[in-house]
$ cat upload_10.pdb   # PDB, C-alpha atoms, pLDDT in the B column
ATOM      1  CA  MET X  17     119.719 124.358 105.277  1.00 48.00           C
ATOM      2  CA  ASN X  18     118.796 123.577 101.663  1.00 79.00           C
ATOM      3  CA  LYS X  19     117.428 120.136 100.955  1.00 89.00           C
ATOM      4  CA  LYS X  20     119.105 117.923  98.414  1.00 96.00           C
ATOM      5  CA  TYR X  21     117.204 117.380  95.179  1.00 97.00           C
ATOM      6  CA  TYR X  22     116.805 113.658  95.926  1.00 97.00           C
ATOM      7  CA  GLU X  23     114.793 114.496  99.050  1.00 96.00           C
ATOM      8  CA  ALA X  24     111.847 115.765  96.992  1.00 96.00           C
ATOM      9  CA  TYR X  25     109.953 112.536  97.518  1.00 96.00           C
ATOM     10  CA  GLU X  26     109.510 113.554 101.153  1.00 96.00           C
ATOM     11  CA  GLU X  27     107.213 116.339  99.971  1.00 96.00           C
ATOM     12  CA  ARG X  28     105.414 114.070  97.492  1.00 96.00           C
ATOM     13  CA  TYR X  29     104.724 111.467 100.151  1.00 96.00           C
ATOM     14  CA  LYS X  30     103.394 114.100 102.549  1.00 96.00           C
ATOM     15  CA  GLN X  31     101.117 115.582  99.918  1.00 95.00           C
ATOM     16  CA  VAL X  32      99.617 112.256  98.879  1.00 95.00           C
ATOM     17  CA  HIS X  33      99.360 110.758 102.362  1.00 96.00           C
ATOM     18  CA  GLN X  34      97.679 113.848 103.784  1.00 94.00           C
ATOM     19  CA  SER X  35      95.308 114.540 100.901  1.00 92.00           C
ATOM     20  CA  GLN X  36      94.519 110.980  99.779  1.00 92.00           C
ATOM     21  CA  ASN X  37      95.449 108.813 102.799  1.00 93.00           C
ATOM     22  CA  LYS X  38      96.841 106.323 100.305  1.00 94.00           C
ATOM     23  CA  ALA X  39     100.285 105.197  99.245  1.00 94.00           C
ATOM     24  CA  TRP X  40     101.684 107.063  96.258  1.00 94.00           C
ATOM     25  CA  ALA X  41     103.207 103.887  94.821  1.00 91.00           C
ATOM     26  CA  GLY X  42     100.433 101.484  95.784  1.00 88.00           C
ATOM     27  CA  ASP X  43     100.867  98.385  97.920  1.00 87.00           C
ATOM     28  CA  LYS X  44     102.058  95.736  95.444  1.00 92.00           C
ATOM     29  CA  PRO X  45     105.484  94.190  96.101  1.00 94.00           C
ATOM     30  CA  SER X  46     107.843  93.187  93.290  1.00 94.00           C
ATOM     31  CA  PRO X  47     108.136  89.360  93.270  1.00 94.00           C
ATOM     32  CA  THR X  48     111.434  89.511  91.378  1.00 97.00           C
ATOM     33  CA  ILE X  49     113.169  90.600  94.576  1.00 97.00           C
ATOM     34  CA  GLU X  50     112.252  87.488  96.537  1.00 97.00           C
ATOM     35  CA  LYS X  51     112.952  85.254  93.536  1.00 97.00           C
ATOM     36  CA  LEU X  52     116.491  86.619  93.317  1.00 98.00           C
ATOM     37  CA  LEU X  53     117.028  86.462  97.080  1.00 98.00           C
ATOM     38  CA  LYS X  54     116.086  82.790  97.008  1.00 97.00           C
ATOM     39  CA  LYS X  55     118.149  82.113  93.895  1.00 98.00           C
ATOM     40  CA  TYR X  56     121.282  83.389  95.624  1.00 98.00           C
ATOM     41  CA  GLY X  57     120.675  81.520  98.859  1.00 97.00           C
ATOM     42  CA  ALA X  58     118.861  83.923 101.174  1.00 97.00           C
ATOM     43  CA  ASN X  59     117.045  82.355 104.120  1.00 95.00           C
ATOM     44  CA  SER X  60     115.495  83.477 107.398  1.00 93.00           C
ATOM     45  CA  LYS X  61     118.943  83.904 108.958  1.00 95.00           C
ATOM     46  CA  SER X  62     120.447  85.988 106.141  1.00 98.00           C
ATOM     47  CA  SER X  63     120.894  89.663 107.009  1.00 98.00           C
ATOM     48  CA  ILE X  64     119.166  91.861 104.429  1.00 98.00           C
ATOM     49  CA  LEU X  65     119.075  95.641 103.972  1.00 98.00           C
ATOM     50  CA  GLU X  66     116.735  97.543 101.704  1.00 98.00           C
ATOM     51  CA  ILE X  67     117.984 100.942 100.559  1.00 98.00           C
ATOM     52  CA  GLY X  68     115.174 103.380  99.785  1.00 98.00           C
ATOM     53  CA  CYS X  69     112.233 101.299 100.966  1.00 98.00           C
ATOM     54  CA  GLY X  70     109.723 104.025 100.100  1.00 97.00           C
ATOM     55  CA  GLU X  71     106.304 103.134 101.442  1.00 97.00           C
ATOM     56  CA  GLY X  72     107.384  99.611 102.350  1.00 97.00           C
ATOM     57  CA  GLN X  73     105.748  97.514  99.640  1.00 96.00           C
ATOM     58  CA  ASN X  74     108.661  95.075  99.451  1.00 97.00           C
ATOM     59  CA  ALA X  75     109.932  95.348 103.009  1.00 98.00           C
ATOM     60  CA  VAL X  76     106.601  94.703 104.742  1.00 97.00           C
ATOM     61  CA  TRP X  77     105.908  91.784 102.398  1.00 97.00           C
ATOM     62  CA  LEU X  78     109.290  90.185 103.116  1.00 98.00           C
ATOM     63  CA  LEU X  79     109.006  90.775 106.855  1.00 98.00           C
ATOM     64  CA  LYS X  80     105.658  88.978 106.809  1.00 97.00           C
ATOM     65  CA  LYS X  81     107.555  86.031 105.322  1.00 96.00           C
ATOM     66  CA  ASN X  82     110.027  86.136 108.246  1.00 96.00           C
ATOM     67  CA  TYR X  83     113.048  87.428 106.369  1.00 98.00           C
ATOM     68  CA  ASN X  84     115.704  89.064 108.563  1.00 98.00           C
ATOM     69  CA  LEU X  85     115.265  92.468 106.970  1.00 98.00           C
ATOM     70  CA  GLU X  86     116.024  96.074 107.838  1.00 98.00           C
ATOM     71  CA  ALA X  87     114.740  98.885 105.637  1.00 98.00           C
ATOM     72  CA  SER X  88     115.847 102.495 105.282  1.00 98.00           C
ATOM     73  CA  ASP X  89     114.759 105.599 103.415  1.00 98.00           C
ATOM     74  CA  VAL X  90     115.879 109.215 103.317  1.00 98.00           C
ATOM     75  CA  SER X  91     112.244 110.303 103.794  1.00 98.00           C
ATOM     76  CA  ALA X  92     110.954 110.518 107.361  1.00 98.00           C
ATOM     77  CA  GLU X  93     107.404 110.548 106.015  1.00 98.00           C
ATOM     78  CA  ALA X  94     108.029 107.306 104.110  1.00 98.00           C
ATOM     79  CA  ILE X  95     109.330 105.640 107.263  1.00 98.00           C
ATOM     80  CA  ARG X  96     106.361 106.909 109.272  1.00 98.00           C
ATOM     81  CA  TRP X  97     104.064 105.313 106.701  1.00 98.00           C
ATOM     82  CA  CYS X  98     106.083 102.068 106.744  1.00 98.00           C
ATOM     83  CA  LYS X  99     105.867 101.810 110.514  1.00 98.00           C
ATOM     84  CA  GLN X 100     102.118 102.353 110.314  1.00 97.00           C
ATOM     85  CA  GLN X 101     101.756  99.578 107.725  1.00 96.00           C
ATOM     86  CA  ALA X 102     103.994  97.283 109.790  1.00 97.00           C
ATOM     87  CA  ARG X 103     101.814  97.727 112.871  1.00 97.00           C
ATOM     88  CA  GLN X 104      98.693  96.958 110.860  1.00 95.00           C
ATOM     89  CA  VAL X 105     100.015  93.582 109.695  1.00 96.00           C
ATOM     90  CA  GLY X 106     101.857  92.661 112.881  1.00 97.00           C
ATOM     91  CA  VAL X 107     105.516  92.930 111.890  1.00 97.00           C
ATOM     92  CA  ASP X 108     108.284  94.764 113.730  1.00 97.00           C
ATOM     93  CA  GLU X 109     108.056  98.489 112.966  1.00 98.00           C
ATOM     94  CA  ASN X 110     111.529  99.002 114.433  1.00 98.00           C
ATOM     95  CA  ARG X 111     113.002  97.366 111.335  1.00 98.00           C
ATOM     96  CA  PHE X 112     112.398 100.687 109.543  1.00 98.00           C
ATOM     97  CA  PHE X 113     114.649 103.713 109.963  1.00 98.00           C
ATOM     98  CA  VAL X 114     115.551 107.023 108.332  1.00 98.00           C
ATOM     99  CA  MET X 115     118.960 107.225 106.686  1.00 98.00           C
ATOM    100  CA  ASP X 116     120.622 109.220 103.928  1.00 98.00           C
ATOM    101  CA  ILE X 117     123.069 106.711 102.490  1.00 98.00           C
ATOM    102  CA  LEU X 118     125.064 109.456 100.775  1.00 97.00           C
ATOM    103  CA  ASN X 119     125.930 111.054 104.088  1.00 96.00           C
ATOM    104  CA  ASN X 120     125.669 108.234 106.646  1.00 95.00           C
ATOM    105  CA  HIS X 121     126.798 104.660 107.151  1.00 95.00           C
ATOM    106  CA  LEU X 122     125.992 101.716 109.399  1.00 98.00           C
ATOM    107  CA  ASP X 123     128.379  99.887 111.718  1.00 97.00           C
ATOM    108  CA  LYS X 124     127.488  96.503 110.240  1.00 96.00           C
ATOM    109  CA  LYS X 125     127.404  94.614 106.987  1.00 97.00           C
ATOM    110  CA  PHE X 126     124.777  92.500 105.266  1.00 98.00           C
ATOM    111  CA  ASP X 127     124.510  89.280 103.315  1.00 98.00           C
ATOM    112  CA  PHE X 128     122.111  90.922 100.888  1.00 98.00           C
ATOM    113  CA  ILE X 129     121.288  94.499  99.937  1.00 98.00           C
ATOM    114  CA  PHE X 130     118.531  95.430  97.539  1.00 98.00           C
ATOM    115  CA  SER X 131     117.254  98.681  96.131  1.00 98.00           C
ATOM    116  CA  VAL X 132     114.255  99.297  93.891  1.00 97.00           C
ATOM    117  CA  ALA X 133     113.702 102.594  92.054  1.00 96.00           C
ATOM    118  CA  VAL X 134     116.305 104.557  94.003  1.00 97.00           C
ATOM    119  CA  LEU X 135     119.441 104.842  91.886  1.00 98.00           C
ATOM    120  CA  HIS X 136     117.592 106.398  88.952  1.00 97.00           C
ATOM    121  CA  MET X 137     116.585 109.237  91.281  1.00 97.00           C
ATOM    122  CA  LEU X 138     120.253 110.135  91.742  1.00 98.00           C
ATOM    123  CA  VAL X 139     121.232 112.409  88.876  1.00 98.00           C
ATOM    124  CA  ASP X 140     124.688 113.718  89.789  1.00 97.00           C
ATOM    125  CA  ASP X 141     127.661 111.429  89.141  1.00 97.00           C
ATOM    126  CA  LYS X 142     129.061 111.964  92.636  1.00 97.00           C
ATOM    127  CA  ASP X 143     125.744 110.921  94.190  1.00 98.00           C
ATOM    128  CA  ARG X 144     125.536 107.797  92.061  1.00 98.00           C
ATOM    129  CA  SER X 145     129.120 106.939  93.042  1.00 98.00           C
ATOM    130  CA  GLY X 146     128.135 107.438  96.664  1.00 98.00           C
ATOM    131  CA  PHE X 147     125.305 104.956  96.225  1.00 98.00           C
ATOM    132  CA  PHE X 148     127.615 102.275  94.814  1.00 98.00           C
ATOM    133  CA  ASN X 149     130.231 102.929  97.491  1.00 97.00           C
ATOM    134  CA  PHE X 150     127.627 102.500 100.234  1.00 98.00           C
ATOM    135  CA  VAL X 151     126.557  99.180  98.754  1.00 98.00           C
ATOM    136  CA  LYS X 152     130.127  97.912  98.501  1.00 97.00           C
ATOM    137  CA  LYS X 153     131.035  99.060 102.015  1.00 97.00           C
ATOM    138  CA  HIS X 154     128.039  97.366 103.601  1.00 98.00           C
ATOM    139  CA  LEU X 155     128.201  93.969 101.893  1.00 97.00           C
ATOM    140  CA  ASN X 156     129.627  90.987 103.727  1.00 96.00           C
ATOM    141  CA  HIS X 157     132.250  88.814 102.061  1.00 92.00           C
ATOM    142  CA  ASN X 158     130.412  87.057  99.208  1.00 91.00           C
ATOM    143  CA  GLY X 159     127.418  89.319  99.839  1.00 96.00           C
ATOM    144  CA  LYS X 160     125.053  90.072  96.969  1.00 98.00           C
ATOM    145  CA  ALA X 161     123.192  93.219  95.955  1.00 98.00           C
ATOM    146  CA  ILE X 162     120.090  93.493  93.773  1.00 98.00           C
ATOM    147  CA  ILE X 163     119.726  96.878  92.089  1.00 98.00           C
ATOM    148  CA  VAL X 164     116.602  97.804  90.124  1.00 98.00           C
ATOM    149  CA  VAL X 165     116.231 101.013  88.127  1.00 98.00           C
ATOM    150  CA  MET X 166     113.734 102.406  85.657  1.00 97.00           C
ATOM    151  CA  GLY X 167     114.758 102.068  82.010  1.00 97.00           C
ATOM    152  CA  ASP X 168     115.063  99.812  78.997  1.00 98.00           C
ATOM    153  CA  GLY X 169     118.847  99.902  78.694  1.00 97.00           C
ATOM    154  CA  LYS X 170     118.691 102.088  75.590  1.00 98.00           C
ATOM    155  CA  MET X 171     116.967 105.316  76.563  1.00 96.00           C
ATOM    156  CA  THR X 172     118.870 108.067  78.361  1.00 97.00           C
ATOM    157  CA  ARG X 173     117.281 110.817  80.402  1.00 96.00           C
ATOM    158  CA  LYS X 174     118.564 113.370  82.882  1.00 97.00           C
ATOM    159  CA  THR X 175     116.194 115.750  84.629  1.00 97.00           C
ATOM    160  CA  ASP X 176     117.055 119.238  85.834  1.00 97.00           C
ATOM    161  CA  THR X 177     117.692 118.982  89.574  1.00 96.00           C
ATOM    162  CA  THR X 178     116.971 122.691  90.050  1.00 95.00           C
ATOM    163  CA  LYS X 179     113.314 121.902  89.317  1.00 95.00           C
ATOM    164  CA  ALA X 180     113.054 119.518  92.271  1.00 95.00           C
ATOM    165  CA  PHE X 181     110.257 120.345  94.730  1.00 96.00           C
ATOM    166  CA  GLU X 182     108.300 122.415  92.186  1.00 96.00           C
ATOM    167  CA  LEU X 183     104.628 121.450  92.020  1.00 95.00           C
ATOM    168  CA  ALA X 184     103.532 119.569  88.921  1.00 94.00           C
ATOM    169  CA  ASP X 185     100.454 117.686  87.741  1.00 95.00           C
ATOM    170  CA  ARG X 186     100.825 113.919  87.986  1.00 93.00           C
ATOM    171  CA  PRO X 187      98.304 111.100  87.433  1.00 93.00           C
ATOM    172  CA  PHE X 188      97.158 109.328  90.576  1.00 92.00           C
ATOM    173  CA  GLU X 189      94.656 106.500  90.288  1.00 89.00           C
ATOM    174  CA  ASN X 190      91.790 108.014  88.253  1.00 88.00           C
ATOM    175  CA  SER X 191      92.638 111.675  88.698  1.00 91.00           C
ATOM    176  CA  ILE X 192      95.355 114.300  88.352  1.00 94.00           C
ATOM    177  CA  ILE X 193      96.918 115.768  91.483  1.00 94.00           C
ATOM    178  CA  GLN X 194      99.664 118.291  92.146  1.00 94.00           C
ATOM    179  CA  VAL X 195     102.780 116.892  93.793  1.00 95.00           C
ATOM    180  CA  ALA X 196     106.431 117.805  94.146  1.00 96.00           C
ATOM    181  CA  THR X 197     108.615 117.264  91.092  1.00 96.00           C
ATOM    182  CA  THR X 198     111.246 114.576  91.643  1.00 96.00           C
ATOM    183  CA  SER X 199     114.425 113.642  89.801  1.00 96.00           C
ATOM    184  CA  CYS X 200     115.263 110.901  87.332  1.00 97.00           C
ATOM    185  CA  ARG X 201     118.283 109.705  85.389  1.00 98.00           C
ATOM    186  CA  MET X 202     118.033 106.788  82.996  1.00 98.00           C
ATOM    187  CA  VAL X 203     121.177 105.319  81.469  1.00 98.00           C
ATOM    188  CA  THR X 204     122.114 102.654  78.924  1.00 98.00           C
ATOM    189  CA  TRP X 205     123.180  99.148  79.865  1.00 98.00           C
ATOM    190  CA  GLU X 206     126.736 100.025  78.891  1.00 98.00           C
ATOM    191  CA  HIS X 207     126.799 102.971  81.279  1.00 98.00           C
ATOM    192  CA  PHE X 208     125.021 101.075  84.059  1.00 98.00           C
ATOM    193  CA  LEU X 209     127.391  98.109  83.980  1.00 98.00           C
ATOM    194  CA  LYS X 210     130.429 100.405  83.794  1.00 97.00           C
ATOM    195  CA  GLU X 211     129.307 102.123  87.000  1.00 98.00           C
ATOM    196  CA  PHE X 212     129.347  98.789  88.808  1.00 97.00           C
ATOM    197  CA  ARG X 213     132.812  97.937  87.488  1.00 95.00           C
ATOM    198  CA  ASN X 214     134.171 101.331  88.508  1.00 95.00           C
ATOM    199  CA  ALA X 215     132.822 100.759  92.027  1.00 95.00           C
ATOM    200  CA  GLY X 216     134.532  97.373  92.304  1.00 94.00           C
ATOM    201  CA  LEU X 217     131.298  95.408  92.064  1.00 96.00           C
ATOM    202  CA  LYS X 218     131.103  92.292  89.888  1.00 96.00           C
ATOM    203  CA  VAL X 219     127.914  91.846  87.862  1.00 98.00           C
ATOM    204  CA  LEU X 220     126.573  88.299  88.185  1.00 98.00           C
ATOM    205  CA  GLU X 221     123.556  88.791  85.957  1.00 98.00           C
ATOM    206  CA  HIS X 222     121.474  91.565  84.441  1.00 98.00           C
ATOM    207  CA  PHE X 223     118.153  91.606  82.616  1.00 98.00           C
ATOM    208  CA  LEU X 224     115.037  93.598  81.798  1.00 98.00           C
ATOM    209  CA  ASP X 225     111.967  93.004  83.958  1.00 97.00           C
ATOM    210  CA  LYS X 226     108.359  93.969  83.281  1.00 96.00           C
ATOM    211  CA  THR X 227     107.025  92.807  86.657  1.00 94.00           C
ATOM    212  CA  ILE X 228     108.479  95.556  88.881  1.00 93.00           C
ATOM    213  CA  ALA X 229     105.520  97.386  90.394  1.00 87.00           C
ATOM    214  CA  GLY X 230     105.000 100.881  89.021  1.00 88.00           C
ATOM    215  CA  PHE X 231     107.152 100.627  85.889  1.00 93.00           C
ATOM    216  CA  ASP X 232     106.578  99.376  82.350  1.00 94.00           C
ATOM    217  CA  VAL X 233     110.126  98.043  82.181  1.00 97.00           C
ATOM    218  CA  SER X 234     113.059  98.034  84.591  1.00 98.00           C
ATOM    219  CA  MET X 235     116.735  97.152  84.492  1.00 98.00           C
ATOM    220  CA  VAL X 236     117.811  94.616  87.102  1.00 98.00           C
ATOM    221  CA  ALA X 237     121.381  93.772  88.082  1.00 98.00           C
ATOM    222  CA  VAL X 238     122.697  91.327  90.672  1.00 98.00           C
ATOM    223  CA  VAL X 239     126.216  92.113  91.835  1.00 98.00           C
ATOM    224  CA  GLU X 240     128.776  91.058  94.411  1.00 97.00           C
ATOM    225  CA  LYS X 241     131.792  92.743  95.929  1.00 85.00           C
ATOM    226  CA  ARG X 242     135.030  92.074  94.109  1.00 72.00           C
ATOM    227  CA  GLU X 243     137.703  90.954  96.531  1.00 67.00           C
ATOM    228  CA  ARG X 244     141.203  92.200  95.861  1.00 61.00           C
ATOM    229  CA  LYS X 245     143.637  89.472  94.936  1.00 54.00           C
ATOM    230  CA  ARG X 246     146.483  88.993  97.361  1.00 52.00           C
ATOM    231  CA  PHE X 247     149.887  88.294  95.918  1.00 49.00           C
ATOM    232  CA  VAL X 248     152.377  86.381  97.997  1.00 52.00           C
ATOM    233  CA  ASP X 249     156.083  86.397  97.155  1.00 48.00           C
TER     234      ASP X 249
END
$ encode --input "upload_10.pdb" --output "structure tokens"
Amino acid sequence: MNKKYYEAYEERYKQVHQSQNKAWAGDKPSPTIEKLLKKYGANSKSSILEIGCGEGQNAVWLLKKNYNLEASDVSAEAIRWCKQQARQVGVDENRFFVMDILNNHLDKKFDFIFSVAVLHMLVDDKDRSGFFNFVKKHLNHNGKAIIVVMGDGKMTRKTDTTKAFELADRPFENSIIQVATTSCRMVTWEHFLKEFRNAGLKVLEHFLDKTIAGFDVSMVAVVEKRERKRFVD
């Protein structure tokens, strides 16, 4: 069975973890996530889901602060790494699990969902729509989602998904290593906000952020599920 282009990070994680025994994306969390969770009322009882937790920089950090968090990623290698990091700092490794949100769903909903550096890896329109639909389906009434993607709101970019998995030179710390090529799609603010509207998600705020770990600048949006109005005769 052929792997989907967005699964290429599985190979990248394996290559870096096995050859370097270090995290590809480092270990720094993005403080903007907790700031927004707090701003919109999250507490230790709020149910929170991270989509695409990667190597666990944000999830492990929030679990250490006693947030009621579950974290998923399509990469089994990423989740293996997350569980290892969780054990090292004494948080529950069972909060991490493998899931492809484009092909699976959960039998529960959450007060908060957040995702950092995942949506821009989805290039095809149908896959991006699947991402938004998953978010909407898994939010509680009045639930909020925080979505962070790479980009400045002006630049557009769309990589060739047929090149996924090909080896390419990439900088890592103070050297150059060969890792699997991954995908990326950057869109304008206009396009980004339209995608939320089309998915039935209301944008509460959006802004550029230069504090997201690993990126010079990122686009951040906080959204909630739009409830259909009921008309009574």
$ residues_around --input "upload_10.pdb" --residues "Leu224 of chain X" --least-positions-apart "6" --cutoff "10 Å" --atoms "all atoms listed in the file" --output "compact mmCIF listing (two decimals) with C-alpha atoms, in the coordinates of the input"
# COMPACT_ATOMS: atom_id res chain seq x y z
CA VAL X 164 116.60 97.80 90.12
CA VAL X 165 116.23 101.01 88.13
CA MET X 166 113.73 102.41 85.66
CA GLY X 167 114.76 102.07 82.01
CA ASP X 168 115.06 99.81 79.00
CA GLY X 169 118.85 99.90 78.69
CA VAL X 233 110.13 98.04 82.18
CA SER X 234 113.06 98.03 84.59
CA MET X 235 116.74 97.15 84.49
CA VAL X 236 117.81 94.62 87.10
CA ALA X 237 121.38 93.77 88.08
$ resolve_selection --input "upload_10.pdb" --expression "the PyMOL selection byres ((chain X and resi 86-97) around 10)" --output "compact mmCIF listing (two decimals) with C-alpha atoms, keeping the file's coordinate frame"
# COMPACT_ATOMS: atom_id res chain seq x y z
CA TYR X 22 116.80 113.66 95.93
CA GLU X 23 114.79 114.50 99.05
CA ALA X 24 111.85 115.76 96.99
CA TYR X 25 109.95 112.54 97.52
CA GLU X 26 109.51 113.55 101.15
CA GLU X 27 107.21 116.34 99.97
CA ARG X 28 105.41 114.07 97.49
CA TYR X 29 104.72 111.47 100.15
CA LYS X 30 103.39 114.10 102.55
CA HIS X 33 99.36 110.76 102.36
CA LYS X 38 96.84 106.32 100.30
CA ALA X 39 100.28 105.20 99.24
CA SER X 63 120.89 89.66 107.01
CA ILE X 64 119.17 91.86 104.43
CA LEU X 65 119.08 95.64 103.97
CA GLU X 66 116.74 97.54 101.70
CA ILE X 67 117.98 100.94 100.56
CA GLY X 68 115.17 103.38 99.78
CA CYS X 69 112.23 101.30 100.97
CA GLY X 70 109.72 104.02 100.10
CA GLU X 71 106.30 103.13 101.44
CA GLY X 72 107.38 99.61 102.35
CA ASN X 74 108.66 95.08 99.45
CA ALA X 75 109.93 95.35 103.01
CA VAL X 76 106.60 94.70 104.74
CA LEU X 79 109.01 90.78 106.86
CA TYR X 83 113.05 87.43 106.37
CA ASN X 84 115.70 89.06 108.56
CA LEU X 85 115.26 92.47 106.97
CA CYS X 98 106.08 102.07 106.74
CA LYS X 99 105.87 101.81 110.51
CA GLN X 100 102.12 102.35 110.31
CA GLN X 101 101.76 99.58 107.72
CA ALA X 102 103.99 97.28 109.79
CA ASP X 108 108.28 94.76 113.73
CA GLU X 109 108.06 98.49 112.97
CA ASN X 110 111.53 99.00 114.43
CA ARG X 111 113.00 97.37 111.34
CA PHE X 112 112.40 100.69 109.54
CA PHE X 113 114.65 103.71 109.96
CA VAL X 114 115.55 107.02 108.33
CA MET X 115 118.96 107.22 106.69
CA ASP X 116 120.62 109.22 103.93
CA ILE X 117 123.07 106.71 102.49
CA LEU X 118 125.06 109.46 100.78
CA PHE X 126 124.78 92.50 105.27
CA ILE X 129 121.29 94.50 99.94
CA PHE X 130 118.53 95.43 97.54
CA SER X 131 117.25 98.68 96.13
CA VAL X 134 116.30 104.56 94.00
$ closest_residue --input "upload_10.pdb" --among "X:Asp43, X:Asp123, X:Asp185, X:Glu240" --to "Asn158 of chain X" --atoms "all atoms listed in the file"
X:Glu240
$ atom_distance --input "upload_10.pdb" --atom1 "atom CA of Gln34 of chain X" --atom2 "atom CA of Val195 of chain X"
11.6 Å
$ atom_distance --input "upload_10.pdb" --atom1 "atom CA of Leu209 of chain X" --atom2 "atom CA of Leu53 of chain X"
20.4 Å
$ residues_around --input "upload_10.pdb" --residues "Tyr21 of chain X" --least-positions-apart "3" --cutoff "8 Å" --atoms "all atoms listed in the file" --output "PyMOL selection string"
chain X and resi 24+177-178+180-181+198-199
$ resolve_selection --input "upload_10.pdb" --expression "the PyMOL selection byres ((chain X and resi 154) around 8)" --output "VMD selection string"
chain X and resid 122 124 to 126 150 to 153 155 to 156
$ atom_distance --input "upload_10.pdb" --atom1 "atom CA of Phe223 of chain X" --atom2 "atom CA of Leu78 of chain X"
22.4 Å
$ closest_residue --input "upload_10.pdb" --among "X:Trp40, X:Trp77, X:Phe212, X:Phe128" --to "Val107 of chain X" --atoms "all atoms listed in the file"
X:Trp77
$ closest_residue --input "upload_10.pdb" --among "X:Lys170, X:Lys81, X:Arg242, X:Lys160" --to "Gly57 of chain X" --atoms "only C-alpha atoms"
X:Lys160
$ residues_near_point --input "upload_10.pdb" --point "(136.4, 103.4, 91.2)" --cutoff "12 Å" --atoms "only C-alpha atoms" --output "list in words"
Lys142, Arg144, Ser145, Gly146, Phe148, Asn149, Lys152, Lys210, Glu211, Phe212, Arg213, Asn214, Ala215, Gly216, Leu217 and Arg242 of chain X
$ resolve_selection --input "upload_10.pdb" --expression "the PyMOL selection byres ((chain X and resi 193) around 12)" --output "list of chain:residue names"
X:Arg28, X:Gln31, X:Val32, X:Ser35, X:Gln36, X:Trp40, X:Leu183, X:Ala184, X:Asp185, X:Arg186, X:Pro187, X:Phe188, X:Glu189, X:Asn190, X:Ser191, X:Ile192, X:Gln194, X:Val195, X:Ala196, X:Thr197
$ closest_residue --input "upload_10.pdb" --among "X:Ala58, X:Ala41, X:Ile163, X:Val139" --to "Ala229 of chain X" --atoms "all atoms listed in the file"
X:Ala41
$ axis_aligned_box --input "upload_10.pdb" --around "segment 154-161 of chain X" --padding-each-side "6 Å" --output "AutoDock Vina command-line options"
--center_x 127.7 --center_y 92.2 --center_z 99.8 --size_x 21.1 --size_y 22.3 --size_z 19.8
$ closest_residue --input "upload_10.pdb" --among "X:His222, X:Lys20, X:Phe231, X:Ile162" --to "Glu50 of chain X" --atoms "all atoms listed in the file"
X:Ile162
